[in-house]
$ cat input.cif   # mmCIF, C-alpha atoms
data_protein
#
loop_
_atom_site.label_atom_id
_atom_site.label_comp_id
_atom_site.auth_asym_id
_atom_site.auth_seq_id
_atom_site.Cartn_x
_atom_site.Cartn_y
_atom_site.Cartn_z
CA MET H 101 90.82 83.74 124.66
CA GLU H 102 88.62 86.30 126.30
CA THR H 103 86.56 88.60 124.14
CA LEU H 104 87.88 92.00 123.18
CA GLU H 105 85.35 93.66 125.49
CA GLN H 106 86.57 91.60 128.44
CA ILE H 107 90.21 92.37 127.68
CA LYS H 108 89.36 96.05 127.27
CA THR H 109 87.59 96.24 130.65
CA ARG H 110 90.36 94.35 132.40
CA ALA H 111 93.07 96.50 130.85
CA GLU H 112 91.28 99.72 131.68
CA LEU H 113 91.00 98.61 135.28
CA ALA H 114 94.63 97.56 135.46
CA ALA H 115 96.16 100.62 133.83
CA ARG H 116 94.55 103.56 135.60
CA GLY H 117 93.33 106.25 133.23
CA ALA H 118 93.90 104.23 130.12
CA LYS H 119 91.38 104.81 127.36
CA ILE H 120 90.88 101.87 125.05
CA ASP H 121 88.58 101.79 122.03
CA ILE H 122 87.57 98.81 119.99
CA VAL H 123 88.20 99.30 116.28
CA VAL H 124 85.67 97.06 114.60
CA ASN H 125 86.69 95.11 111.54
CA PRO H 126 83.49 94.43 109.62
CA GLY H 127 85.24 92.09 107.17
CA PRO H 128 84.86 88.32 107.08
CA SER H 129 87.92 87.83 109.28
CA GLN H 130 86.25 89.76 112.11
CA GLN H 131 89.65 90.64 113.52
CA SER H 132 88.76 93.71 115.49
CA SER H 133 91.48 95.47 117.39
CA LEU H 134 92.09 97.54 120.48
CA LEU H 135 93.02 101.18 120.03
CA VAL H 136 95.19 102.12 122.98
CA ASP H 137 95.86 105.73 123.90
CA SER H 138 99.55 106.37 123.59
CA ALA H 139 99.96 107.87 127.09
CA HIS H 140 99.11 104.55 128.76
CA ALA H 141 100.23 102.18 126.03
CA VAL H 142 103.27 100.82 127.88
CA ALA H 143 101.20 100.07 131.00
CA VAL H 144 98.51 98.37 128.92
CA ALA H 145 101.13 96.38 127.01
CA GLN H 146 102.75 95.23 130.24
CA PHE H 147 99.37 94.17 131.56
CA LEU H 148 98.61 92.19 128.40
CA ARG H 149 101.96 90.46 128.63
CA ASP H 150 101.91 89.67 132.33
CA HIS H 151 98.28 89.00 133.29
CA ALA H 152 97.85 85.33 134.18
CA ALA H 153 94.77 84.82 132.01
CA LEU H 154 96.15 86.64 128.96
CA LYS H 155 99.96 86.17 128.84
CA PHE H 156 100.49 87.73 125.43
CA ASP H 157 104.17 86.91 125.54
CA TYR H 158 104.87 86.92 121.79
CA CYS H 159 104.69 89.98 119.53
CA SER H 160 104.78 88.47 116.06
CA ASN H 161 104.44 91.54 113.91
CA VAL H 162 104.58 95.31 114.10
CA THR H 163 103.60 97.44 111.18
CA GLY H 164 102.61 100.98 110.32
CA VAL H 165 99.63 102.52 108.57
CA ASP H 166 99.41 105.98 107.08
CA TRP H 167 95.99 107.61 107.16
CA LEU H 168 95.61 110.78 105.11
CA ASP H 169 93.08 113.51 105.87
CA ARG H 170 89.74 112.10 104.88
CA VAL H 171 86.04 112.77 104.90
CA VAL H 172 83.67 110.07 106.12
CA LYS H 173 80.10 110.26 104.90
CA LYS H 174 77.49 108.79 107.17
CA THR H 175 73.89 108.30 106.18
CA ALA H 176 71.31 107.96 108.92
CA LYS H 177 67.54 107.84 108.91
CA VAL H 178 66.16 110.80 110.77
CA LYS H 179 62.57 111.53 111.61
CA GLN H 180 61.65 114.90 110.28
CA VAL H 181 58.41 116.83 110.00
CA VAL H 182 57.82 117.65 106.35
CA ASP H 183 54.64 119.60 105.52
CA GLY H 184 53.14 118.72 108.87
CA VAL H 185 53.70 114.98 108.38
CA GLU H 186 56.39 113.09 110.21
CA LYS H 187 58.59 111.20 107.75
CA GLU H 188 61.80 109.24 107.80
CA VAL H 189 64.41 111.11 105.79
CA ASP H 190 67.96 110.10 104.94
CA GLN H 191 70.37 112.56 106.40
CA THR H 192 73.98 112.55 105.30
CA THR H 193 76.56 113.93 107.65
CA GLU H 194 80.15 114.51 106.67
CA GLU H 195 82.86 114.09 109.22
CA LYS H 196 86.34 115.37 108.52
CA ILE H 197 89.05 113.22 110.05
CA SER H 198 92.52 114.69 110.02
CA GLY H 199 95.35 112.35 109.12
CA TYR H 200 97.44 110.35 111.54
CA LEU H 201 99.97 107.54 111.58
CA GLU H 202 99.24 104.22 113.21
CA ALA H 203 101.39 101.45 114.63
CA VAL H 204 99.78 98.02 114.73
CA TYR H 205 101.01 95.17 116.94
CA HIS H 206 99.98 91.55 116.57
CA LEU H 207 100.18 89.63 119.82
CA TYR H 208 100.00 85.92 120.56
CA SER H 209 100.31 83.87 123.70
CA MET H 210 102.75 80.99 123.52
CA GLN H 211 101.80 79.87 126.99
CA HIS H 212 98.03 79.77 126.50
CA LYS H 213 98.23 79.20 122.75
CA HIS H 214 95.79 81.93 121.90
CA GLY H 215 95.82 84.97 119.72
CA PRO H 216 96.14 87.02 117.71
CA LEU H 217 95.25 90.16 119.58
CA THR H 218 95.74 93.30 117.53
CA ILE H 219 96.49 96.56 119.32
CA ARG H 220 96.93 99.93 117.69
CA MET H 221 98.36 103.28 118.63
CA ARG H 222 97.76 106.52 116.78
CA THR H 223 99.86 109.63 116.53
CA ALA H 224 98.29 113.04 116.95
CA ASN H 225 99.09 114.10 113.38
CA ARG H 226 101.18 113.24 110.34
CA ALA H 227 103.94 115.76 111.09
CA ASP H 228 107.53 114.66 110.71
CA GLY H 229 108.18 114.37 114.42
CA ALA H 230 105.08 112.34 115.22
CA ARG H 231 105.66 110.38 118.42
CA LEU H 232 104.50 107.16 120.02
CA PRO H 233 105.82 105.22 123.01
CA SER H 234 108.02 102.29 122.10
CA LEU H 235 106.81 98.85 123.14
CA THR H 236 110.27 97.35 122.66
CA PRO H 237 110.86 97.33 126.46
CA VAL H 238 107.80 95.08 126.71
CA TRP H 239 108.34 92.88 123.65
CA ARG H 240 111.95 92.75 122.49
CA SER H 241 110.88 91.38 119.11
CA ALA H 242 109.40 94.78 118.26
CA GLU H 243 112.83 96.40 118.09
CA LEU H 244 113.70 95.94 114.43
CA GLN H 245 110.13 96.42 113.25
CA GLU H 246 109.74 99.69 115.15
CA ARG H 247 112.97 100.82 113.47
CA GLU H 248 111.41 99.88 110.14
CA ILE H 249 108.30 101.94 110.94
CA PHE H 250 110.53 104.83 111.96
CA ASP H 251 112.38 104.49 108.66
CA LEU H 252 109.43 104.09 106.32
CA TYR H 253 106.66 106.05 108.11
CA GLY H 254 108.58 108.48 110.29
CA ILE H 255 107.08 107.65 113.68
CA HIS H 256 109.53 108.38 116.51
CA PHE H 257 109.28 105.66 119.17
CA GLU H 258 110.13 107.13 122.54
CA GLY H 259 112.02 104.71 124.73
CA HIS H 260 113.36 102.66 121.84
CA PRO H 261 116.92 101.51 122.64
CA ASP H 262 118.40 102.12 119.16
CA LEU H 263 116.17 104.15 116.88
CA ARG H 264 117.96 104.42 113.55
CA ARG H 265 116.99 103.89 109.94
CA ILE H 266 117.15 100.22 109.07
CA LEU H 267 116.37 99.81 105.35
CA MET H 268 117.19 103.19 103.83
CA TRP H 269 120.53 104.91 104.33
CA ASP H 270 121.05 107.35 107.19
CA GLU H 271 121.28 110.41 104.89
CA PHE H 272 117.81 109.71 103.45
CA VAL H 273 115.20 112.24 104.54
CA ASP H 274 111.86 110.93 103.21
CA HIS H 275 109.56 108.22 104.48
CA PRO H 276 108.79 106.07 101.44
CA MET H 277 105.74 104.21 102.73
CA ARG H 278 103.80 107.40 103.40
CA LYS H 279 101.03 107.88 100.91
CA ASP H 280 102.21 111.34 99.87
CA TYR H 281 105.78 110.20 99.20
CA ARG H 282 107.10 111.32 95.82
CA GLU H 283 109.86 109.07 94.57
CA PRO H 284 112.84 110.52 92.69
CA ASP H 285 112.01 111.47 89.11
CA ASP H 286 113.83 108.59 87.52
CA TYR H 287 111.50 107.49 84.77
CA GLU H 288 113.39 108.46 81.65
CA TRP H 289 113.80 104.87 80.48
CA GLU H 290 110.55 102.95 80.62
CA PRO H 291 109.92 100.57 77.75
CA THR H 292 106.23 100.00 78.45
CA PRO H 293 104.96 102.70 80.79
CA HIS H 294 101.33 102.86 81.78
CA ASP H 295 99.03 104.73 84.15
CA ASP H 296 100.85 107.05 86.56
CA VAL H 297 104.23 106.00 85.27
CA LEU H 298 103.18 106.90 81.73
CA GLU H 299 102.17 110.39 82.85
CA ARG H 300 105.52 110.90 84.52
CA ALA H 301 107.50 109.29 81.71
CA LYS H 302 105.81 111.61 79.19
CA GLN H 303 107.68 114.53 80.71
CA HIS H 304 110.91 112.94 79.54
CA TYR H 305 109.85 112.08 76.02
CA THR H 306 111.56 113.82 73.14
CA PRO H 307 109.36 114.73 70.19
CA ARG H 308 109.57 112.64 67.05
CA PRO H 309 112.17 113.85 64.57
CA ALA H 310 110.90 116.04 61.72
CA LEU H 311 109.17 114.09 58.99
CA ASP H 312 111.29 113.74 55.86
CA GLY H 313 108.46 113.39 53.35
CA ALA H 314 108.86 109.64 52.89
CA GLU H 315 105.59 108.99 54.70
CA ALA H 316 103.70 110.93 51.97
CA ILE H 317 104.68 108.44 49.24
CA THR H 318 101.71 106.24 48.41
CA GLU H 319 101.04 103.60 45.80
CA LYS H 320 100.88 104.89 42.23
CA THR H 321 97.36 105.98 41.41
CA THR H 322 97.76 105.90 37.58
CA PRO H 323 95.65 103.05 36.10
CA SER H 324 97.63 100.15 34.61
CA PRO H 325 97.38 99.68 30.79
CA GLN H 326 95.66 96.27 31.15
CA SER H 327 92.73 97.66 33.01
CA SER H 328 91.94 100.24 30.29
CA PRO H 329 89.55 99.03 27.54
CA MET S 23 145.34 88.41 57.22
CA THR S 24 146.55 91.17 59.47
CA GLU S 25 150.13 91.99 60.29
CA GLY S 26 151.75 89.64 62.77
CA GLN S 27 149.28 86.82 62.18
CA ILE S 28 150.18 83.56 60.57
CA ASP S 29 148.24 82.17 57.62
CA GLU S 30 145.68 79.60 58.82
CA GLY S 31 146.53 77.13 56.03
CA LEU S 32 150.23 77.29 56.74
CA ARG S 33 149.58 76.85 60.41
CA SER S 34 147.49 73.72 60.00
CA GLU S 35 150.10 72.36 57.60
CA LEU S 36 152.82 72.96 60.19
CA GLN S 37 150.64 71.42 62.90
CA ARG S 38 150.38 68.27 60.79
CA GLN S 39 154.16 68.14 60.79
CA GLY S 40 154.26 68.39 64.57
CA ILE S 41 155.07 72.08 64.81
CA TRP S 42 152.68 74.21 66.80
CA VAL S 43 152.80 77.88 65.92
CA THR S 44 151.09 80.51 67.98
CA SER S 45 151.34 84.19 68.80
CA MET S 46 151.83 85.95 72.07
CA GLN S 47 148.31 87.37 71.78
CA GLU S 48 146.71 83.97 71.25
CA LEU S 49 148.62 82.40 74.10
CA TYR S 50 147.84 85.28 76.41
CA ASN S 51 144.14 85.32 75.58
CA TRP S 52 143.91 81.53 75.73
CA GLY S 53 145.29 81.59 79.23
CA ARG S 54 143.06 84.44 80.34
CA LYS S 55 139.82 83.13 78.93
CA ASN S 56 140.23 79.73 80.56
CA SER S 57 140.97 81.01 84.04
CA ILE S 58 138.33 83.62 84.70
CA TRP S 59 138.02 83.91 88.46
CA PRO S 60 134.67 85.34 89.49
CA LEU S 61 134.16 87.47 92.55
CA GLN S 62 132.23 85.53 95.15
CA PHE S 63 129.14 87.48 96.06
CA GLY S 64 125.45 87.27 95.37
CA LEU S 65 122.70 89.80 95.87
CA ALA S 66 119.40 87.94 95.51
CA CYS S 67 117.77 84.87 94.02
CA CYS S 68 119.98 84.96 90.88
CA ALA S 69 122.83 84.08 93.22
CA ILE S 70 121.15 80.72 93.87
CA GLU S 71 121.32 80.00 90.14
CA MET S 72 124.94 81.14 90.16
CA ILE S 73 125.65 78.66 92.97
CA ALA S 74 123.90 75.94 90.95
CA THR S 75 126.12 76.84 88.00
CA ALA S 76 129.17 76.34 90.15
CA ALA S 77 127.93 73.05 91.58
CA SER S 78 128.41 69.62 90.04
CA ARG S 79 125.42 69.39 87.68
CA TYR S 80 126.33 72.43 85.59
CA ASP S 81 129.95 72.75 86.74
CA ILE S 82 131.41 76.05 85.66
CA ALA S 83 134.81 74.41 86.25
CA ARG S 84 134.50 72.96 82.74
CA PHE S 85 135.10 76.51 81.52
CA GLY S 86 137.79 77.41 84.03
CA GLY S 87 135.60 79.67 86.13
CA GLU S 88 135.19 77.65 89.30
CA ILE S 89 137.59 79.61 91.47
CA PHE S 90 135.23 82.07 93.16
CA ARG S 91 137.40 84.54 95.01
CA PRO S 92 136.29 86.16 98.23
CA SER S 93 138.51 89.17 97.56
CA PRO S 94 138.05 91.62 94.68
CA ARG S 95 141.83 91.89 94.38
CA GLN S 96 142.01 88.31 93.12
CA ALA S 97 138.98 88.37 90.84
CA ASP S 98 138.68 88.90 87.08
CA LEU S 99 134.92 88.75 86.73
CA MET S 100 132.09 90.33 88.64
CA ILE S 101 128.80 88.44 88.25
CA VAL S 102 126.19 90.91 89.43
CA ALA S 103 123.63 88.29 90.40
CA GLY S 104 120.47 89.84 91.76
CA THR S 105 118.61 92.95 92.78
CA ILE S 106 120.87 95.91 93.46
CA THR S 107 119.29 98.08 96.10
CA LYS S 108 120.35 101.70 96.13
CA LYS S 109 121.87 101.10 99.53
CA MET S 110 124.06 98.36 98.04
CA ALA S 111 125.06 100.09 94.78
CA PRO S 112 128.01 102.12 96.16
CA GLN S 113 129.51 98.94 97.59
CA ILE S 114 129.22 97.18 94.21
CA VAL S 115 131.05 100.06 92.50
CA ARG S 116 133.65 100.05 95.26
CA LEU S 117 134.24 96.31 94.79
CA TYR S 118 134.53 96.82 91.04
CA ASN S 119 137.10 99.57 91.58
CA GLN S 120 139.18 97.26 93.74
CA MET S 121 139.38 94.56 91.07
CA PRO S 122 142.60 94.59 89.05
CA ASP S 123 142.56 95.07 85.29
CA PRO S 124 141.57 93.34 83.06
CA LYS S 125 138.14 92.96 84.62
CA TYR S 126 134.76 92.01 83.26
CA VAL S 127 131.16 92.31 84.41
CA ILE S 128 128.23 89.98 83.74
CA SER S 129 124.90 91.58 84.57
CA MET S 130 122.77 88.58 85.53
CA GLY S 131 118.98 88.70 85.51
CA ALA S 132 116.28 91.30 85.01
CA CYS S 133 117.10 93.22 88.21
CA ALA S 134 120.78 93.70 87.48
CA ILE S 135 119.93 94.79 83.93
CA SER S 136 117.14 97.24 84.60
CA GLY S 137 115.68 96.90 88.08
CA GLY S 138 113.34 94.18 86.82
CA PRO S 139 110.06 93.84 88.68
CA PHE S 140 111.25 96.45 91.19
CA LYS S 141 111.99 99.06 88.50
CA GLN S 142 109.31 101.42 89.72
CA GLY S 143 110.24 101.06 93.36
CA TYR S 144 112.03 103.72 95.36
CA ASN S 145 114.84 101.57 96.64
CA VAL S 146 116.16 99.56 93.69
CA LEU S 147 118.83 100.68 91.26
CA LYS S 148 117.57 100.54 87.68
CA GLY S 149 120.50 98.52 86.37
CA ILE S 150 124.16 98.27 87.37
CA ASP S 151 125.20 99.69 83.97
CA ARG S 152 124.36 103.12 85.39
CA TYR S 153 127.65 103.08 87.27
CA ILE S 154 130.00 100.48 85.76
CA PRO S 155 130.47 99.15 82.22
CA VAL S 156 128.85 95.75 81.61
CA ASP S 157 130.26 93.16 79.18
CA VAL S 158 127.47 90.58 78.99
CA TYR S 159 123.81 90.91 79.95
CA ILE S 160 121.72 87.81 80.73
CA PRO S 161 117.95 88.29 80.71
CA GLY S 162 115.76 86.07 82.84
CA CYS S 163 114.14 86.06 86.24
CA PRO S 164 116.26 84.32 87.28
CA PRO S 165 118.25 83.04 84.29
CA ARG S 166 118.87 79.32 84.25
CA PRO S 167 122.41 78.02 84.88
CA GLU S 168 122.70 77.26 81.16
CA ALA S 169 122.14 80.96 80.46
CA LEU S 170 124.95 81.89 82.83
CA LEU S 171 127.22 79.35 81.13
CA HIS S 172 126.26 80.86 77.80
CA ALA S 173 127.15 84.30 79.08
CA PHE S 174 130.42 82.89 80.34
CA MET S 175 131.20 81.47 76.90
CA GLU S 176 130.28 84.79 75.30
CA LEU S 177 132.73 86.46 77.62
CA GLN S 178 135.41 83.93 76.67
CA ARG S 179 134.76 84.72 73.02
CA LYS S 180 135.05 88.41 73.80
CA ILE S 181 138.35 87.91 75.62
CA ASP S 182 139.65 85.76 72.77
CA ASP S 183 138.95 88.56 70.31
CA GLN S 184 140.80 91.20 72.28
CA LYS S 185 143.89 92.63 70.63
CA LEU S 186 147.11 93.32 72.49
CA THR S 187 148.44 95.90 70.07
CA GLY S 188 147.19 98.22 67.39
CA ALA S 189 144.60 100.92 67.29
CA ASN S 190 141.73 98.75 68.55
CA LYS S 191 143.55 97.02 71.35
CA ALA S 192 141.77 95.95 74.51
CA GLN S 193 140.43 98.69 76.75
CA HIS S 194 142.52 97.74 79.75
CA LEU S 195 145.72 98.21 77.73
CA GLU S 196 144.84 101.80 76.88
CA PRO S 197 146.57 103.97 79.45
CA GLY S 198 143.94 106.71 79.22
CA GLN S 199 140.95 104.44 79.82
CA PRO S 200 139.55 104.57 83.34
CA SER S 201 139.53 101.38 85.36
CA GLU S 202 137.84 102.93 88.36
CA PHE S 203 134.54 104.71 88.39
CA PRO S 204 133.18 107.26 90.88
CA VAL S 205 131.31 105.72 93.79
CA PRO S 206 127.84 107.26 94.10
CA ALA S 207 127.04 108.97 97.38
CA PHE S 208 123.92 108.56 99.50
CA GLY S 209 121.79 111.61 98.80
CA GLU S 210 118.76 112.95 100.60
CA HIS S 211 116.32 111.44 98.11
CA ASP S 212 118.35 109.26 95.73
CA LEU S 213 121.89 108.26 94.97
CA GLU S 214 124.08 111.19 93.91
CA PRO S 215 124.46 111.15 90.96
CA PRO S 216 121.61 108.81 89.91
CA ALA S 217 123.77 107.58 87.01
CA ASN S 218 127.33 108.12 85.85
CA PRO S 219 127.02 110.13 82.60
CA ASP S 220 130.40 108.82 81.37
CA VAL S 221 129.10 105.25 81.47
CA PHE S 222 125.35 105.46 81.06
CA GLN S 223 123.15 107.48 78.75
CA ALA S 224 119.44 106.94 79.08
CA PRO S 225 117.96 105.95 75.72
CA LYS S 226 116.00 108.80 74.19
CA LEU S 227 112.37 107.90 73.76
CA GLU S 228 110.93 109.37 70.61
CA ARG S 229 107.25 109.30 71.35
CA VAL S 230 104.36 111.61 70.97
#

$ encode --input "input.cif" --output "structure tokens"
Amino acid sequence: METLEQIKTRAELAARGAKIDIVVNPGPSQQSSLLVDSAHAVAVAQFLRDHAALKFDYCSNVTGVDWLDRVVKKTAKVKQVVDGVEKEVDQTTEEKISGYLEAVYHLYSMQHKHGPLTIRMRTANRADGARLPSLTPVWRSAELQEREIFDLYGIHFEGHPDLRRILMWDEFVDHPMRKDYREPDDYEWEPTPHDDVLERAKQHYTPRPALDGAEAITEKTTPSPQSSP
Amino acid sequence: MTEGQIDEGLRSELQRQGIWVTSMQELYNWGRKNSIWPLQFGLACCAIEMIATAASRYDIARFGGEIFRPSPRQADLMIVAGTITKKMAPQIVRLYNQMPDPKYVISMGACAISGGPFKQGYNVLKGIDRYIPVDVYIPGCPPRPEALLHAFMELQRKIDDQKLTGANKAQHLEPGQPSEFPVPAFGEHDLEPPANPDVFQAPKLERV
């Protein structure tokens, strides 16, 4: 398989105006991915599927990721003049990244037997009507999994042939896999609660009944006749 | 000895003479307990154990329970075998309502009892006893076929003890007792209601 950089350059040439970033995975697996801008995602996907050298004809997995608002701290060494002497000083910059939802596609090529290639798309924000283009017209196997993302994360896939909830019932309004989802308060009967569940279960505890005095009875303190001289 | 029952000593004496004495209640319960037809459905991995129980090695036919019916109208016993998702729960209650009286429920496995390992999830019902009355609970994840057979025998014992007349007669013979229970509706966040208060009361936890 070609390197991500090669695929990125090829795809950007093929789909005019497409902006593709490489999201580096620093972990041991080294599975970096391509971040495709949603406006050109369908064109890029079609290119990845149809190009003779790539032929990513099999989309094995589609999943969602919820990213909350977060602050990324970066420390860099900066040369600074302190008291007339130039020194290297650590400078910490904070970058605020507003939250977004992500759809991740894992692609393989049956024909060339290579893969996986991971591509991502990001929504503009985490609002309820967050939108992304559907890649189901390109890979039919994405249909049910895009429905699952719609159900559990609330991403609307434009161009999806049948976008309905798939796991939860139609009347359900929440998106349970979002990180700020609050499940129904249904913790009244927990035999061994702990951590978060304990905190929530405590709200349902009833106080102990009033003490009846039996707990104050202790062993007789009068000395036995044998022990006295 | 209660009214209408024959003395055990006299009965065995008569039996020795070739006379078999019984009562309507005994005959009726004997017939019922040895032909319990379960409803044929499974929800999760417990259903695999239920299938094993019905197959030749464990053979639930030895207890008269081998006739799994595909229709609730022909079934006496509902074996709730597996995880009940909230999406599935109304259908389970609906099936129960369509079974004719007398009907019994075995809650099989941790999930059917309490939600089991999925208890703190958003999508799993925390026990079928929130909506319908349960006769026998089997713990286990999943319970072995022997455990299901044990539950089956417990149910047979329960049926055998049911009275046809008198103040403490069987529930299904009381005209005022409900045999159908309200089907929960799909709400915006949870099932509505989350439990049937006529059937299920959450245990009060007395803790500090």

$ closest_atom_pairs --input "input.cif" --of "chain S" --to "chain H" --cutoff "9 Å" --atoms "all atoms listed in the file" --output "CSV"
residue,atom,partner,partner_atom,distance
S:Lys108,CA,H:Met268,CA,8.5
S:Lys109,CA,H:Trp269,CA,6.3
S:Lys141,CA,H:Glu290,CA,8.9
S:Gln142,CA,H:Tyr287,CA,8.1
S:Gly143,CA,H:Glu283,CA,8.1
S:Tyr144,CA,H:Glu283,CA,5.8
S:Asn145,CA,H:Met268,CA,7.7
S:Lys148,CA,H:Asp286,CA,8.9
S:Phe208,CA,H:Glu271,CA,6.3
S:Gly209,CA,H:Glu271,CA,6.2
S:Glu210,CA,H:Phe272,CA,4.4
S:His211,CA,H:Phe272,CA,5.8
S:Asp212,CA,H:Pro284,CA,6.4
S:Pro216,CA,H:Asp286,CA,8.1
S:Ala224,CA,H:Trp289,CA,6.2
S:Pro225,CA,H:Trp289,CA,6.4
S:Lys226,CA,H:Thr306,CA,6.8
S:Leu227,CA,H:Tyr305,CA,5.4
S:Glu228,CA,H:Arg308,CA,5.0
S:Arg229,CA,H:Arg308,CA,5.9
S:Val230,CA,H:Pro307,CA,5.9

$ residues_around --input "input.cif" --residues "Met110 of chain S" --least-positions-apart "2" --cutoff "10 Å" --atoms "all atoms listed in the file" --output "PDB file with C-alpha atoms, in the coordinates of the input"
ATOM      1  CA  TRP H 269     120.530 104.910 104.330  1.00  0.00           C
TER       2      TRP H 269
ATOM      3  CA  LEU S  65     122.700  89.800  95.870  1.00  0.00           C
ATOM      4  CA  THR S 105     118.610  92.950  92.780  1.00  0.00           C
ATOM      5  CA  ILE S 106     120.870  95.910  93.460  1.00  0.00           C
ATOM      6  CA  THR S 107     119.290  98.080  96.100  1.00  0.00           C
ATOM      7  CA  LYS S 108     120.350 101.700  96.130  1.00  0.00           C
ATOM      8  CA  PRO S 112     128.010 102.120  96.160  1.00  0.00           C
ATOM      9  CA  GLN S 113     129.510  98.940  97.590  1.00  0.00           C
ATOM     10  CA  ILE S 114     129.220  97.180  94.210  1.00  0.00           C
ATOM     11  CA  VAL S 115     131.050 100.060  92.500  1.00  0.00           C
ATOM     12  CA  ASN S 145     114.840 101.570  96.640  1.00  0.00           C
ATOM     13  CA  VAL S 146     116.160  99.560  93.690  1.00  0.00           C
ATOM     14  CA  LEU S 147     118.830 100.680  91.260  1.00  0.00           C
TER      15      LEU S 147
END

$ residues_around --input "input.cif" --residues "Leu186 of chain S" --least-positions-apart "3" --cutoff "12 Å" --atoms "all atoms listed in the file" --output "list in words"
Gly26, Ser45, Met46, Gln47, Glu48, Leu49, Tyr50, Asn51, Pro124, Ile181, Asp182, Asp183, Ala189, Asn190, Lys191, Ala192, Gln193, His194, Leu195 and Glu196 of chain S

$ atom_distance --input "input.cif" --atom1 "atom CA of His256 of chain H" --atom2 "atom CA of Arg226 of chain H"
11.5 Å

$ residues_around --input "input.cif" --residues "Asn218 of chain S" --least-positions-apart "3" --cutoff "9 Å" --atoms "only C-alpha atoms" --output "list in words"
Asp151, Arg152, Tyr153, Ile154, Phe203, Pro204, Pro206, Pro215, Val221, Phe222 and Gln223 of chain S

$ residues_around --input "input.cif" --residues "Lys55 of chain S" --least-positions-apart "4" --cutoff "10 Å" --atoms "only C-alpha atoms" --output "number ranges by chain"
S: 50-51, 59, 85-87, 174-175, 177-182

$ write_last_selection --input "input.cif" --atoms "C-alpha atoms" --output "compact mmCIF listing (two decimals), in the coordinates of the input"
# COMPACT_ATOMS: atom_id res chain seq x y z
CA TYR S 50 147.84 85.28 76.41
CA ASN S 51 144.14 85.32 75.58
CA TRP S 59 138.02 83.91 88.46
CA PHE S 85 135.10 76.51 81.52
CA GLY S 86 137.79 77.41 84.03
CA GLY S 87 135.60 79.67 86.13
CA PHE S 174 130.42 82.89 80.34
CA MET S 175 131.20 81.47 76.90
CA LEU S 177 132.73 86.46 77.62
CA GLN S 178 135.41 83.93 76.67
CA ARG S 179 134.76 84.72 73.02
CA LYS S 180 135.05 88.41 73.80
CA ILE S 181 138.35 87.91 75.62
CA ASP S 182 139.65 85.76 72.77

$ residues_around --input "input.cif" --residues "Gln130 of chain H" --least-positions-apart "2" --cutoff "12 Å" --atoms "only C-alpha atoms" --output "PDB file with C-alpha atoms, in the frame of the given file"
ATOM      1  CA  LEU H 104      87.880  92.000 123.180  1.00  0.00           C
ATOM      2  CA  VAL H 123      88.200  99.300 116.280  1.00  0.00           C
ATOM      3  CA  VAL H 124      85.670  97.060 114.600  1.00  0.00           C
ATOM      4  CA  ASN H 125      86.690  95.110 111.540  1.00  0.00           C
ATOM      5  CA  PRO H 126      83.490  94.430 109.620  1.00  0.00           C
ATOM      6  CA  GLY H 127      85.240  92.090 107.170  1.00  0.00           C
ATOM      7  CA  PRO H 128      84.860  88.320 107.080  1.00  0.00           C
ATOM      8  CA  SER H 132      88.760  93.710 115.490  1.00  0.00           C
ATOM      9  CA  SER H 133      91.480  95.470 117.390  1.00  0.00           C
ATOM     10  CA  PRO H 216      96.140  87.020 117.710  1.00  0.00           C
ATOM     11  CA  LEU H 217      95.250  90.160 119.580  1.00  0.00           C
ATOM     12  CA  THR H 218      95.740  93.300 117.530  1.00  0.00           C
TER      13      THR H 218
END

$ resolve_selection --input "input.cif" --expression "the PyMOL selection byres ((chain S and resi 202) around 8)" --output "list in words"
Tyr118, Asn119, Gln120, Pro200, Ser201, Phe203 and Pro204 of chain S

$ resolve_selection --input "input.cif" --expression "the PyMOL selection byres ((chain S and resi 95) around 8)" --output "list in words"
Ser93, Pro94, Gln96, Ala97, Gln120, Met121 and Pro122 of chain S

$ closest_residue --input "input.cif" --among "S:Ala76, S:Leu61, S:Val205, S:Ala111" --to "Leu171 of chain S" --atoms "all atoms listed in the file"
S:Ala76

$ resolve_selection --input "input.cif" --expression "the PyMOL selection byres ((chain H and resi 116-120) around 8)" --output "PDB file with C-alpha atoms, keeping the file's coordinate frame"
ATOM      1  CA  LYS H 108      89.360  96.050 127.270  1.00  0.00           C
ATOM      2  CA  ALA H 111      93.070  96.500 130.850  1.00  0.00           C
ATOM      3  CA  GLU H 112      91.280  99.720 131.680  1.00  0.00           C
ATOM      4  CA  LEU H 113      91.000  98.610 135.280  1.00  0.00           C
ATOM      5  CA  ALA H 114      94.630  97.560 135.460  1.00  0.00           C
ATOM      6  CA  ALA H 115      96.160 100.620 133.830  1.00  0.00           C
ATOM      7  CA  ASP H 121      88.580 101.790 122.030  1.00  0.00           C
ATOM      8  CA  ILE H 122      87.570  98.810 119.990  1.00  0.00           C
ATOM      9  CA  LEU H 134      92.090  97.540 120.480  1.00  0.00           C
ATOM     10  CA  LEU H 135      93.020 101.180 120.030  1.00  0.00           C
ATOM     11  CA  VAL H 136      95.190 102.120 122.980  1.00  0.00           C
ATOM     12  CA  ASP H 137      95.860 105.730 123.900  1.00  0.00           C
ATOM     13  CA  ALA H 139      99.960 107.870 127.090  1.00  0.00           C
ATOM     14  CA  HIS H 140      99.110 104.550 128.760  1.00  0.00           C
ATOM     15  CA  ALA H 141     100.230 102.180 126.030  1.00  0.00           C
ATOM     16  CA  VAL H 144      98.510  98.370 128.920  1.00  0.00           C
TER      17      VAL H 144
END
